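One file, final-v4.txt, carrying compact mmCIF, C-alpha atoms and all ligand atoms:
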# COMPACT_ATOMS: atom_id res chain seq x y z
CA MET C 1 0.00 0.00 0.00
CA GLY C 2 1.12 3.58 -0.48
CA THR C 3 3.03 5.35 -3.25
CA GLY C 4 6.65 6.44 -3.43
CA ILE C 5 7.70 10.09 -3.36
CA LYS C 6 9.43 11.10 -6.60
CA TYR C 7 12.04 13.77 -7.33
CA GLU C 8 11.98 15.42 -10.75
CA ASN C 9 13.68 18.60 -11.99
CA GLY C 10 14.83 19.49 -8.49
CA LYS C 11 11.33 19.16 -6.97
CA LEU C 12 9.70 16.55 -4.75
CA ILE C 13 6.49 15.06 -6.08
CA VAL C 14 4.50 13.93 -3.06
CA PRO C 15 1.47 11.65 -3.50
CA ASN C 16 -1.45 11.68 -1.05
CA ASP C 17 -0.32 8.32 0.39
CA PRO C 18 3.50 8.59 0.58
CA ILE C 19 5.49 5.63 1.87
CA ILE C 20 7.86 6.97 4.53
CA PRO C 21 10.58 4.78 6.05
CA CYS C 22 10.92 5.20 9.82
CA ILE C 23 13.80 4.01 11.99
CA PRO C 24 12.67 3.88 15.66
CA GLY C 25 16.32 3.63 16.73
CA ASP C 26 18.08 2.51 19.91
CA GLY C 27 17.58 3.19 23.63
CA ILE C 28 14.58 5.48 24.11
CA GLY C 29 14.06 5.57 20.32
CA PRO C 30 11.11 3.11 20.29
CA ASP C 31 9.46 4.95 23.24
CA ILE C 32 9.57 8.35 21.57
CA TRP C 33 8.66 6.94 18.15
CA ASN C 34 5.61 5.16 19.60
CA ALA C 35 4.49 8.50 21.02
CA CYS C 36 5.29 10.39 17.81
CA LYS C 37 3.61 8.26 15.13
CA PRO C 38 0.02 8.73 16.42
CA VAL C 39 0.62 12.51 16.67
CA LEU C 40 1.70 12.78 13.03
CA ASP C 41 -1.14 10.49 11.87
CA LYS C 42 -3.72 12.50 13.84
CA ALA C 43 -2.45 15.82 12.44
CA VAL C 44 -2.62 14.55 8.85
CA GLU C 45 -6.09 13.06 9.40
CA LYS C 46 -7.37 16.27 11.01
CA ALA C 47 -5.83 18.55 8.37
CA TYR C 48 -6.99 16.60 5.30
CA GLY C 49 -10.01 14.57 6.51
CA GLY C 50 -8.65 11.24 5.25
CA LYS C 51 -7.64 12.54 1.80
CA ARG C 52 -4.00 12.19 2.75
CA LYS C 53 -2.30 9.49 4.84
CA ILE C 54 1.30 8.45 5.48
CA GLU C 55 2.12 4.77 4.94
CA TRP C 56 4.91 4.09 7.43
CA LEU C 57 7.55 1.52 6.55
CA THR C 58 9.52 0.48 9.64
CA VAL C 59 13.17 -0.30 8.89
CA GLY C 60 16.16 -1.00 11.15
CA ALA C 61 19.50 0.69 11.84
CA GLY C 62 21.82 1.10 14.80
CA GLU C 63 23.01 -1.12 17.63
CA ASP C 64 19.80 -3.11 18.14
CA GLU C 65 19.73 -3.84 14.42
CA TRP C 66 23.37 -4.92 14.61
CA LYS C 67 22.51 -7.36 17.40
CA ARG C 68 19.61 -8.71 15.31
CA SER C 69 21.20 -8.94 11.88
CA GLY C 70 24.92 -8.25 12.27
CA GLU C 71 24.60 -5.02 10.27
CA PHE C 72 24.33 -1.42 11.45
CA VAL C 73 22.51 -0.28 8.34
CA PRO C 74 21.08 -3.28 6.44
CA GLN C 75 20.70 -3.21 2.67
CA ALA C 76 16.89 -3.18 3.04
CA THR C 77 17.10 0.10 4.96
CA MET C 78 19.40 1.70 2.38
CA ASP C 79 17.12 0.47 -0.42
CA ALA C 80 14.02 1.88 1.31
CA ILE C 81 15.54 5.35 1.77
CA THR C 82 16.96 5.32 -1.76
CA LYS C 83 13.54 4.44 -3.15
CA TYR C 84 11.29 6.56 -0.92
CA ARG C 85 13.63 9.56 -0.39
CA VAL C 86 12.21 10.99 2.85
CA GLY C 87 12.62 9.26 6.22
CA ILE C 88 12.44 9.88 9.95
CA LYS C 89 14.61 8.38 12.67
CA GLY C 90 15.09 8.12 16.40
CA PRO C 91 18.53 8.27 18.02
CA LEU C 92 21.11 5.61 17.14
CA SER C 93 24.02 4.39 19.20
CA THR C 94 27.29 3.20 17.73
CA PRO C 95 29.21 0.76 19.94
CA VAL C 96 32.73 2.07 20.46
CA GLY C 97 35.45 0.33 18.43
CA LYS C 98 33.28 -1.47 15.86
CA GLY C 99 34.98 -0.08 12.78
CA PHE C 100 33.37 3.24 11.97
CA ARG C 101 32.53 6.48 13.68
CA SER C 102 28.78 6.69 13.68
CA VAL C 103 25.71 5.26 11.98
CA ASN C 104 24.37 8.81 11.69
CA VAL C 105 27.48 9.93 9.82
CA MET C 106 27.19 6.85 7.60
CA LEU C 107 23.57 7.70 6.67
CA ARG C 108 24.55 11.31 5.92
CA ARG C 109 27.37 10.16 3.64
CA LEU C 110 25.31 7.49 1.86
CA PHE C 111 22.62 9.96 0.84
CA ASP C 112 24.87 13.02 0.63
CA LEU C 113 22.71 14.83 3.20
CA TYR C 114 24.94 17.88 3.12
CA ALA C 115 22.90 20.25 5.30
CA CYS C 116 22.01 19.69 8.93
CA VAL C 117 19.01 21.97 9.38
CA ARG C 118 17.85 22.93 12.86
CA PRO C 119 15.17 25.51 13.56
CA VAL C 120 15.37 27.07 17.02
CA SER C 121 12.47 28.91 18.59
CA HIS C 122 10.91 28.95 22.03
CA ILE C 123 7.65 27.25 22.94
CA PRO C 124 6.02 29.48 25.56
CA GLY C 125 6.13 27.77 28.94
CA VAL C 126 9.22 25.64 28.27
CA PRO C 127 11.73 26.50 31.01
CA SER C 128 14.76 28.40 29.70
CA PRO C 129 17.94 29.70 31.33
CA VAL C 130 17.74 33.11 29.59
CA LYS C 131 15.58 36.18 30.32
CA ASP C 132 13.89 36.46 26.92
CA PRO C 133 13.88 33.09 25.13
CA ASP C 134 11.10 34.26 22.80
CA ALA C 135 13.62 36.59 21.13
CA VAL C 136 15.27 33.52 19.57
CA ASN C 137 13.82 32.59 16.19
CA MET C 138 16.58 31.22 14.02
CA ILE C 139 17.27 28.33 11.70
CA ILE C 140 20.74 26.86 11.43
CA PHE C 141 22.11 25.41 8.17
CA ARG C 142 25.20 23.48 9.22
CA GLU C 143 27.46 22.00 6.53
CA ASN C 144 27.48 18.24 7.10
CA THR C 145 30.19 16.69 4.92
CA GLU C 146 33.41 18.73 5.29
CA ASP C 147 35.56 20.53 7.85
CA LEU C 148 37.23 18.68 10.74
CA TYR C 149 34.28 16.27 10.61
CA ALA C 150 35.55 14.78 7.35
CA GLY C 151 37.30 12.29 9.64
CA ILE C 152 40.78 12.75 8.16
CA GLU C 153 43.12 12.49 11.14
CA TRP C 154 46.06 10.49 12.39
CA ASP C 155 47.13 9.58 15.90
CA SER C 156 50.37 10.90 17.35
CA ASN C 157 53.60 9.05 16.56
CA THR C 158 52.12 7.10 13.62
CA PRO C 159 54.12 7.00 10.38
CA GLU C 160 51.33 9.01 8.68
CA ALA C 161 51.32 11.80 11.27
CA ASN C 162 55.12 11.95 11.24
CA ARG C 163 55.18 12.05 7.44
CA LEU C 164 52.64 14.89 7.41
CA ILE C 165 54.75 16.83 9.91
CA GLU C 166 57.67 16.54 7.44
CA VAL C 167 55.52 17.57 4.47
CA ILE C 168 54.17 20.58 6.35
CA LYS C 169 57.72 21.66 7.11
CA GLU C 170 58.66 21.24 3.43
CA LEU C 171 55.64 23.15 2.13
CA SER C 172 55.27 25.92 4.69
CA GLY C 173 58.50 26.02 6.65
CA LYS C 174 56.39 25.68 9.80
CA GLU C 175 57.38 23.40 12.65
CA VAL C 176 54.71 21.12 14.07
CA ARG C 177 55.72 19.81 17.49
CA PRO C 178 57.07 16.24 17.11
CA GLY C 179 54.63 13.60 18.37
CA SER C 180 51.56 15.69 17.52
CA SER C 181 48.34 14.13 16.25
CA ILE C 182 47.24 15.68 12.96
CA GLY C 183 43.73 16.41 11.66
CA ILE C 184 42.85 17.90 8.28
CA LYS C 185 40.16 20.55 7.72
CA PRO C 186 38.90 20.61 4.13
CA ILE C 187 36.34 23.27 3.15
CA SER C 188 35.47 23.54 -0.54
CA GLU C 189 33.82 26.09 -2.79
CA PHE C 190 31.39 23.41 -4.00
CA GLY C 191 30.44 22.29 -0.47
CA THR C 192 30.05 25.86 0.78
CA LYS C 193 28.05 27.12 -2.17
CA ARG C 194 25.47 24.33 -2.16
CA LEU C 195 24.92 24.82 1.60
CA VAL C 196 24.61 28.62 1.43
CA ARG C 197 22.40 28.25 -1.67
CA MET C 198 19.99 26.09 0.35
CA ALA C 199 20.02 28.61 3.23
CA ILE C 200 19.28 31.58 0.95
CA GLN C 201 16.54 29.67 -0.87
CA TYR C 202 14.98 28.91 2.52
CA ALA C 203 15.08 32.61 3.44
CA ILE C 204 13.38 33.45 0.14
CA ASP C 205 10.70 30.75 0.49
CA HIS C 206 9.89 31.79 4.07
CA LYS C 207 10.23 35.57 3.55
CA LEU C 208 12.99 35.89 6.17
CA PRO C 209 15.05 39.07 6.53
CA SER C 210 18.68 37.90 6.63
CA VAL C 211 21.22 35.11 6.17
CA THR C 212 24.32 35.26 8.39
CA LEU C 213 27.54 33.41 7.50
CA VAL C 214 29.23 32.32 10.75
CA HIS C 215 32.97 31.62 10.42
CA LYS C 216 36.47 31.99 11.93
CA GLY C 217 37.94 33.44 8.75
CA ASN C 218 40.01 35.94 10.72
CA ILE C 219 42.23 33.07 11.88
CA MET C 220 41.65 30.24 9.36
CA LYS C 221 41.84 32.41 6.28
CA PHE C 222 41.48 29.87 3.49
CA THR C 223 39.10 27.35 5.06
CA GLU C 224 36.68 29.39 7.18
CA GLY C 225 37.65 32.52 5.23
CA GLY C 226 36.83 30.59 2.06
CA PHE C 227 33.41 29.77 3.50
CA ARG C 228 32.76 33.50 3.98
CA LYS C 229 34.03 34.44 0.51
CA TRP C 230 32.13 31.71 -1.36
CA GLY C 231 29.01 32.42 0.68
CA TYR C 232 28.95 36.06 -0.45
CA GLU C 233 29.77 34.93 -4.01
CA VAL C 234 26.84 32.56 -4.31
CA ALA C 235 24.53 35.25 -2.89
CA LYS C 236 25.71 37.76 -5.50
CA GLU C 237 25.97 35.42 -8.49
CA GLU C 238 22.76 33.45 -8.04
CA PHE C 239 20.52 35.64 -5.86
CA GLY C 240 21.82 39.14 -6.67
CA ASP C 241 18.32 40.46 -7.40
CA VAL C 242 16.89 39.50 -3.98
CA THR C 243 19.91 39.85 -1.65
CA ILE C 244 22.13 42.70 -0.50
CA PRO C 245 25.39 42.47 1.48
CA GLU C 246 25.23 44.22 4.85
CA SER C 247 28.19 46.40 3.79
CA GLU C 248 25.99 48.04 1.10
CA LEU C 249 23.14 49.08 3.42
CA THR C 250 22.45 52.76 4.03
CA ASP C 251 21.58 53.59 7.66
CA GLY C 252 21.46 49.87 8.37
CA GLN C 253 18.15 49.55 6.50
CA ALA C 254 17.54 46.89 3.83
CA PRO C 255 15.63 47.96 0.71
CA GLU C 256 12.08 46.54 0.59
CA GLY C 257 12.07 42.81 -0.24
CA LYS C 258 15.85 42.31 -0.06
CA ILE C 259 17.47 39.68 2.14
CA VAL C 260 20.55 41.00 3.94
CA ILE C 261 23.64 38.77 3.72
CA LYS C 262 25.91 39.33 6.72
CA ASP C 263 28.82 37.53 8.31
CA ARG C 264 29.99 37.20 11.89
CA ILE C 265 33.09 35.72 13.49
CA THR C 266 32.01 32.62 15.44
CA ASP C 267 33.11 33.76 18.91
CA ALA C 268 31.36 37.11 18.47
CA MET C 269 28.29 35.25 17.22
CA PHE C 270 28.10 33.26 20.46
CA GLN C 271 27.71 36.64 22.20
CA GLN C 272 25.23 37.90 19.63
CA ILE C 273 22.84 34.96 20.08
CA LEU C 274 22.65 35.86 23.78
CA LEU C 275 22.75 39.65 23.54
CA ARG C 276 20.97 40.52 20.26
CA PRO C 277 19.11 37.39 19.12
CA ARG C 278 16.38 39.40 17.35
CA GLU C 279 18.91 40.54 14.73
CA TYR C 280 19.42 37.03 13.36
CA SER C 281 17.25 34.75 11.32
CA VAL C 282 18.86 32.20 8.97
CA LEU C 283 22.42 31.13 9.92
CA ALA C 284 24.81 29.22 7.62
CA MET C 285 28.06 27.80 8.91
CA PRO C 286 30.76 25.14 8.56
CA ASN C 287 30.37 21.84 10.36
CA LEU C 288 32.19 22.38 13.67
CA ASN C 289 30.79 25.87 14.30
CA GLY C 290 27.35 24.44 13.57
CA ASP C 291 27.84 21.60 16.01
CA TYR C 292 28.57 23.98 18.89
CA MET C 293 26.05 26.63 17.97
CA SER C 294 23.14 24.19 17.48
CA ASP C 295 23.44 22.95 21.05
CA ALA C 296 24.02 26.43 22.50
CA LEU C 297 20.91 27.79 20.78
CA ALA C 298 18.86 24.72 21.73
CA ALA C 299 19.85 25.32 25.37
CA GLN C 300 18.64 28.94 25.14
CA VAL C 301 15.13 27.78 24.26
CA GLY C 302 14.93 24.90 26.72
CA GLY C 303 17.29 22.10 25.73
CA LEU C 304 17.76 19.23 23.32
CA GLY C 305 14.70 17.30 24.53
CA MET C 306 12.49 19.62 22.42
CA ALA C 307 14.90 20.54 19.58
CA PRO C 308 13.96 19.30 16.09
CA GLY C 309 16.46 18.57 13.35
CA SER C 310 16.96 17.17 9.88
CA ASN C 311 19.66 16.20 7.42
CA ILE C 312 18.89 17.32 3.90
CA GLY C 313 20.46 16.74 0.50
CA ASP C 314 19.22 17.08 -3.05
CA GLY C 315 16.09 14.94 -3.21
CA TYR C 316 16.81 13.09 0.05
CA ALA C 317 16.00 14.04 3.63
CA ILE C 318 16.08 12.33 7.01
CA PHE C 319 14.35 14.01 9.95
CA GLU C 320 15.58 13.10 13.41
CA ALA C 321 15.48 13.50 17.16
CA THR C 322 18.52 15.60 18.02
CA HIS C 323 19.25 14.02 21.43
CA GLY C 324 20.90 10.65 21.98
CA THR C 325 19.60 7.24 23.05
CA ALA C 326 19.54 7.99 26.82
CA PRO C 327 20.00 4.24 27.49
CA LYS C 328 19.16 4.39 31.19
CA TYR C 329 15.57 5.43 30.33
CA ALA C 330 15.08 2.91 27.50
CA GLY C 331 11.72 1.15 27.57
CA LEU C 332 10.42 3.13 30.57
CA ASP C 333 7.95 5.27 28.56
CA LYS C 334 9.31 8.26 30.43
CA THR C 335 11.35 10.59 28.22
CA ASN C 336 10.28 13.60 26.20
CA PRO C 337 9.18 12.79 22.62
CA GLY C 338 9.10 16.52 21.72
CA SER C 339 12.25 16.50 19.59
CA ILE C 340 11.13 13.75 17.22
CA ILE C 341 7.55 15.07 17.13
CA LEU C 342 8.71 18.57 16.13
CA SER C 343 11.10 16.97 13.61
CA GLY C 344 8.00 15.21 12.25
CA ALA C 345 6.39 18.65 11.86
CA MET C 346 9.47 19.76 9.88
CA MET C 347 9.03 16.67 7.72
CA LEU C 348 5.37 17.53 7.04
CA ASP C 349 6.50 21.05 6.03
CA TYR C 350 9.10 19.50 3.72
CA LEU C 351 6.35 17.41 2.06
CA GLY C 352 4.36 20.61 1.58
CA TRP C 353 1.76 19.48 4.15
CA THR C 354 2.00 22.69 6.16
CA GLU C 355 -1.54 22.52 7.56
CA ALA C 356 -0.70 19.23 9.29
CA ALA C 357 2.70 20.59 10.42
CA ASP C 358 1.00 23.60 11.99
CA LEU C 359 -1.42 21.31 13.85
CA VAL C 360 1.50 19.34 15.33
CA ARG C 361 3.13 22.57 16.57
CA LYS C 362 -0.21 23.83 17.91
CA GLY C 363 -0.66 20.53 19.79
CA VAL C 364 2.81 20.77 21.34
CA GLN C 365 2.24 24.40 22.35
CA GLY C 366 -1.13 23.48 23.88
CA ALA C 367 0.22 20.54 25.84
CA VAL C 368 3.08 22.64 27.24
CA ALA C 369 0.73 25.56 28.03
CA SER C 370 -1.54 23.17 29.95
CA LYS C 371 1.56 21.98 31.83
CA THR C 372 0.94 18.33 30.94
CA VAL C 373 4.55 17.38 30.30
CA THR C 374 7.23 14.71 30.73
CA TYR C 375 9.53 14.56 33.78
CA ASP C 376 12.35 16.65 32.28
CA LEU C 377 10.07 19.68 31.83
CA ALA C 378 7.81 18.97 34.83
CA ARG C 379 10.68 19.19 37.29
CA GLN C 380 11.38 22.76 36.16
CA MET C 381 7.75 23.95 35.81
CA PRO C 382 5.79 24.88 38.94
CA ASP C 383 2.39 23.09 39.22
CA ALA C 384 3.06 20.87 36.20
CA THR C 385 1.45 17.45 35.82
CA LYS C 386 4.18 14.91 35.08
CA VAL C 387 3.05 12.38 32.46
CA ALA C 388 4.60 9.46 30.58
CA CYS C 389 6.13 9.79 27.12
CA SER C 390 3.06 8.23 25.47
CA ALA C 391 0.67 10.39 27.56
CA PHE C 392 2.52 13.55 26.44
CA GLY C 393 1.89 12.37 22.86
CA LYS C 394 -1.84 11.97 23.69
CA ALA C 395 -1.92 15.44 25.29
CA ILE C 396 -0.44 16.87 22.07
CA CYS C 397 -3.20 15.17 20.04
CA ASP C 398 -5.84 16.58 22.44
CA HIS C 399 -4.54 20.14 21.87
CA MET C 400 -4.46 20.15 18.06
P1 LIG J 501 21.80 11.52 25.39
O1 LIG J 501 21.13 12.62 24.68
O2 LIG J 501 21.40 10.14 25.01
O3 LIG J 501 21.50 11.62 26.95
C1 LIG J 501 21.97 12.60 27.83
C2 LIG J 501 20.92 12.85 28.91
O4 LIG J 501 19.97 13.75 28.37
C3 LIG J 501 20.10 11.63 29.31
O5 LIG J 501 20.67 10.90 30.34
C4 LIG J 501 18.80 12.24 29.72
O6 LIG J 501 18.92 12.70 31.04
C5 LIG J 501 18.67 13.43 28.82
N1 LIG J 501 17.80 13.20 27.66
C6 LIG J 501 18.17 12.89 26.39
N2 LIG J 501 17.09 12.79 25.60
C7 LIG J 501 16.03 13.05 26.38
C8 LIG J 501 14.62 13.10 26.15
N3 LIG J 501 14.09 12.86 24.93
N4 LIG J 501 13.80 13.38 27.18
C9 LIG J 501 14.30 13.61 28.39
N5 LIG J 501 15.61 13.59 28.69
C10 LIG J 501 16.46 13.30 27.69
O7 LIG J 501 23.38 11.70 25.21
P2 LIG J 501 24.60 10.74 25.54
O8 LIG J 501 24.37 10.09 26.88
O9 LIG J 501 25.79 11.54 25.33
O10 LIG J 501 24.59 9.63 24.41
C11 LIG J 501 23.99 8.32 24.54
C12 LIG J 501 24.10 7.58 23.21
O11 LIG J 501 23.37 8.29 22.21
C13 LIG J 501 25.51 7.41 22.65
O12 LIG J 501 25.63 6.10 22.10
C14 LIG J 501 25.60 8.42 21.53
O13 LIG J 501 26.47 8.01 20.50
C15 LIG J 501 24.18 8.44 21.03
N6 LIG J 501 23.78 9.71 20.37
C16 LIG J 501 23.05 9.59 19.25
C17 LIG J 501 22.59 10.75 18.60
C18 LIG J 501 21.75 10.59 17.35
O14 LIG J 501 21.44 9.49 16.96
N7 LIG J 501 21.34 11.67 16.70
C19 LIG J 501 22.87 12.01 19.12
C20 LIG J 501 23.61 12.10 20.31
C21 LIG J 501 24.06 10.92 20.94
Could you render the structure as structure tokens?
Amino acid sequence: MGTGIKYENGKLIVPNDPIIPCIPGDGIGPDIWNACKPVLDKAVEKAYGGKRKIEWLTVGAGEDEWKRSGEFVPQATMDAITKYRVGIKGPLSTPVGKGFRSVNVMLRRLFDLYACVRPVSHIPGVPSPVKDPDAVNMIIFRENTEDLYAGIEWDSNTPEANRLIEVIKELSGKEVRPGSSIGIKPISEFGTKRLVRMAIQYAIDHKLPSVTLVHKGNIMKFTEGGFRKWGYEVAKEEFGDVTIPESELTDGQAPEGKIVIKDRITDAMFQQILLRPREYSVLAMPNLNGDYMSDALAAQVGGLGMAPGSNIGDGYAIFEATHGTAPKYAGLDKTNPGSIILSGAMMLDYLGWTEAADLVRKGVQGAVASKTVTYDLARQMPDATKVACSAFGKAICDHM
């Protein structure tokens, strides 16, 4: 039953009964997925009165799958995502020392999901450590395939690290301390431009005021500095009619309908998100900066338990809970399913089913406003009613 999503001429073609692979994942993954699925089904049913329906296809990946089948990502899972293009997943654990870094990284590589996209905004009532969490309304586009995350590094005192130390001396005359470990940081024009292109297109589609390139180009001139340079280039070359660099503004005002392209040094940007969050909207950045800033911003609006995320490429997308497997709570029906549920709302937006996505967000806002929440929020909210993971899902459905 169900029909596959297609991708033609750079556009998704979504039927009314799309088949969507779902990976419940490890640890608390099945708990949060069991709470999430009925929420997404209810929102679609309520928004479209039965005209549209998702056909879920459960597939395996991660440590539990490895225990079952001896594979972290079985061929059937890869085939399903290849064929159906859009998927959703819970957290996955990778046992240490089993050959590769992470199942998540493997999925990103396999489908060239080059942008990690994380919207950050505050749900009123969610406890936050800052005075004005509602001032935060940003979306991060983090490059997913390059930078120090490319995984090119060698341990200290290996022949490879020692050889590189010699080559660096030959090429640059610079001395690297003997016995150092060495990591390589590639950042390309191609990788930067496709990421910044996606960020600018998002700003256009959602009528957002600015795109900020976040980099350490003052110190790492060719890698992070390259990111800044290529980011401005793609804005000018491909979106010159709808964007304007901040340096060309008069009195700090953007002409009507133009998106301002700005850049900030990463350390200064960590101050800006705390001190002047209203001045920022879409953020684009290399991998490592994005890793740090995603968690810092998520903390400002109440933590990872409620932070949605996705990994997006050209014609492929996987939506995911941003927290880990929290193994000590596995199977207890206790943890917060908010992250995967809000990622599900992002997925509905991505399919073009915005009415259903809005209902999911309305349900979450209503459940939080009524203070019917899981333990992690309840312990910080006076007079809250602490409920199980599945009951939080039901409360979300009741508030749609
Ligand atoms: P974690 O996010 O699993 O847990 C840290 C703590 O955060 C938990 O003990 C719990 O107190 C809390 N927490 C996490 N999710 C919660 C939720 N939904 N509701 C309430 N509280 C929640 O991080 P960790 O302990 O560093 O990692 C555990 C495992 O998860 C590791 O194997 C790691 O590799 C994996 N991991 C996977 C992903 C992913 O798949 N995207 C992300 C991070 C970590």
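You will find atom CA of C:Gln365 at 13.3 Å from atom CA of C:Val39.
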>> Report as number ranges by chain all protein, DNA and RNA residues lying within 10 Å of stretch 382-385 of chain C, evaluated on all atoms listed in the file, omitting residues in the same chain fewer than 3 positions from it.
In response: C: 368-375, 377-379
>> So the first atom is atom CA of C:Gly217 and the second is atom CA of C:Val234; what is the distance between them in Å, to one decimal place?
In response: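 Atom CA of C:Gly217 sits 17.2 Å away from atom CA of C:Val234.
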> stretch 182-197 of chain C: which residues within 6 Å, counting only C-alpha atoms, same-chain residues fewer than 4 positions away excluded, as a ChimeraX atom specification?
Replying inline: /C:146-148,152-154,161,223,227,231,234
Got a sec: who's within 7 Å of C:Gly62, counting only C-alpha atoms, leaving out chain neighbours fewer than 3 positions off, as a JSON list (two decimals) with C-alpha atoms, in the coordinates of the input?
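And here's selection30.json as it stands now:
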[["chain", "number", "residue", "atom", "x", "y", "z"],
["C", 25, "GLY", "CA", 16.32, 3.63, 16.73],
["C", 26, "ASP", "CA", 18.08, 2.51, 19.91],
["C", 65, "GLU", "CA", 19.73, -3.84, 14.42],
["C", 66, "TRP", "CA", 23.37, -4.92, 14.61],
["C", 72, "PHE", "CA", 24.33, -1.42, 11.45],
["C", 73, "VAL", "CA", 22.51, -0.28, 8.34],
["C", 92, "LEU", "CA", 21.11, 5.61, 17.14],
["C", 93, "SER", "CA", 24.02, 4.39, 19.20],
["C", 94, "THR", "CA", 27.29, 3.20, 17.73],
["C", 103, "VAL", "CA", 25.71, 5.26, 11.98]]
> Neighbours of ligand LIG 501 (chain J) within 8 Å, counting all atoms listed in the file, as a PyMOL selection string?
Replying inline: chain C and resi 25+27-28+32+90-95+102-104+304-306+320-329+334-339+374-376
>> Can you measure atom CA of C:Ala61 to atom CA of C:Leu110 for me? One decimal in Å is fine.
In response: 13.4 Å
Reconstruct all heavy atoms of stretch 275-280 of chain C; output as a PDB file, in the frame of the given file.
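The result, written out as out35.pdb:
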ATOM      1  N   LEU C 275      22.975  38.230  23.287  1.00  0.00           N
ATOM      2  CA  LEU C 275      22.750  39.650  23.540  1.00  0.00           C
ATOM      3  C   LEU C 275      21.770  40.302  22.552  1.00  0.00           C
ATOM      4  O   LEU C 275      21.026  41.199  22.920  1.00  0.00           O
ATOM      5  CB  LEU C 275      24.087  40.409  23.487  1.00  0.00           C
ATOM      6  CG  LEU C 275      25.147  39.949  24.507  1.00  0.00           C
ATOM      7  CD1 LEU C 275      26.455  40.677  24.283  1.00  0.00           C
ATOM      8  CD2 LEU C 275      24.650  40.154  25.927  1.00  0.00           C
ATOM      9  N   ARG C 276      21.823  39.874  21.278  1.00  0.00           N
ATOM     10  CA  ARG C 276      20.970  40.520  20.260  1.00  0.00           C
ATOM     11  C   ARG C 276      20.314  39.474  19.348  1.00  0.00           C
ATOM     12  O   ARG C 276      20.414  39.559  18.113  1.00  0.00           O
ATOM     13  CB  ARG C 276      21.845  41.454  19.402  1.00  0.00           C
ATOM     14  CG  ARG C 276      22.654  42.449  20.223  1.00  0.00           C
ATOM     15  CD  ARG C 276      23.668  43.172  19.355  1.00  0.00           C
ATOM     16  NE  ARG C 276      23.042  44.257  18.655  1.00  0.00           N
ATOM     17  CZ  ARG C 276      23.033  45.510  19.105  1.00  0.00           C
ATOM     18  NH1 ARG C 276      23.627  45.822  20.230  1.00  0.00           N
ATOM     19  NH2 ARG C 276      22.431  46.441  18.428  1.00  0.00           N
ATOM     20  N   PRO C 277      19.647  38.499  19.941  1.00  0.00           N
ATOM     21  CA  PRO C 277      19.110  37.390  19.120  1.00  0.00           C
ATOM     22  C   PRO C 277      18.097  37.850  18.065  1.00  0.00           C
ATOM     23  O   PRO C 277      17.972  37.216  17.016  1.00  0.00           O
ATOM     24  CB  PRO C 277      18.451  36.464  20.150  1.00  0.00           C
ATOM     25  CG  PRO C 277      18.270  37.288  21.377  1.00  0.00           C
ATOM     26  CD  PRO C 277      19.357  38.309  21.373  1.00  0.00           C
ATOM     27  N   ARG C 278      17.412  38.973  18.309  1.00  0.00           N
ATOM     28  CA  ARG C 278      16.380  39.400  17.350  1.00  0.00           C
ATOM     29  C   ARG C 278      16.975  39.815  16.005  1.00  0.00           C
ATOM     30  O   ARG C 278      16.253  39.919  15.020  1.00  0.00           O
ATOM     31  CB  ARG C 278      15.584  40.575  17.920  1.00  0.00           C
ATOM     32  CG  ARG C 278      14.631  40.150  19.008  1.00  0.00           C
ATOM     33  CD  ARG C 278      13.775  41.295  19.497  1.00  0.00           C
ATOM     34  NE  ARG C 278      13.289  41.023  20.844  1.00  0.00           N
ATOM     35  CZ  ARG C 278      12.251  40.243  21.122  1.00  0.00           C
ATOM     36  NH1 ARG C 278      11.583  39.670  20.157  1.00  0.00           N
ATOM     37  NH2 ARG C 278      11.904  40.020  22.376  1.00  0.00           N
ATOM     38  N   GLU C 279      18.291  40.073  15.970  1.00  0.00           N
ATOM     39  CA  GLU C 279      18.910  40.540  14.730  1.00  0.00           C
ATOM     40  C   GLU C 279      19.277  39.404  13.775  1.00  0.00           C
ATOM     41  O   GLU C 279      19.831  39.644  12.711  1.00  0.00           O
ATOM     42  CB  GLU C 279      20.165  41.369  15.055  1.00  0.00           C
ATOM     43  CG  GLU C 279      19.789  42.654  15.739  1.00  0.00           C
ATOM     44  CD  GLU C 279      20.996  43.483  16.150  1.00  0.00           C
ATOM     45  OE1 GLU C 279      22.112  43.221  15.658  1.00  0.00           O
ATOM     46  OE2 GLU C 279      20.805  44.390  16.978  1.00  0.00           O
ATOM     47  N   TYR C 280      18.988  38.164  14.188  1.00  0.00           N
ATOM     48  CA  TYR C 280      19.420  37.030  13.360  1.00  0.00           C
ATOM     49  C   TYR C 280      18.257  36.125  13.014  1.00  0.00           C
ATOM     50  O   TYR C 280      17.340  35.936  13.809  1.00  0.00           O
ATOM     51  CB  TYR C 280      20.529  36.267  14.097  1.00  0.00           C
ATOM     52  CG  TYR C 280      21.715  37.178  14.315  1.00  0.00           C
ATOM     53  CD1 TYR C 280      21.853  37.901  15.503  1.00  0.00           C
ATOM     54  CD2 TYR C 280      22.621  37.404  13.295  1.00  0.00           C
ATOM     55  CE1 TYR C 280      22.897  38.795  15.677  1.00  0.00           C
ATOM     56  CE2 TYR C 280      23.664  38.300  13.455  1.00  0.00           C
ATOM     57  CZ  TYR C 280      23.800  38.990  14.639  1.00  0.00           C
ATOM     58  OH  TYR C 280      24.818  39.881  14.786  1.00  0.00           O
TER      59      TYR C 280
END
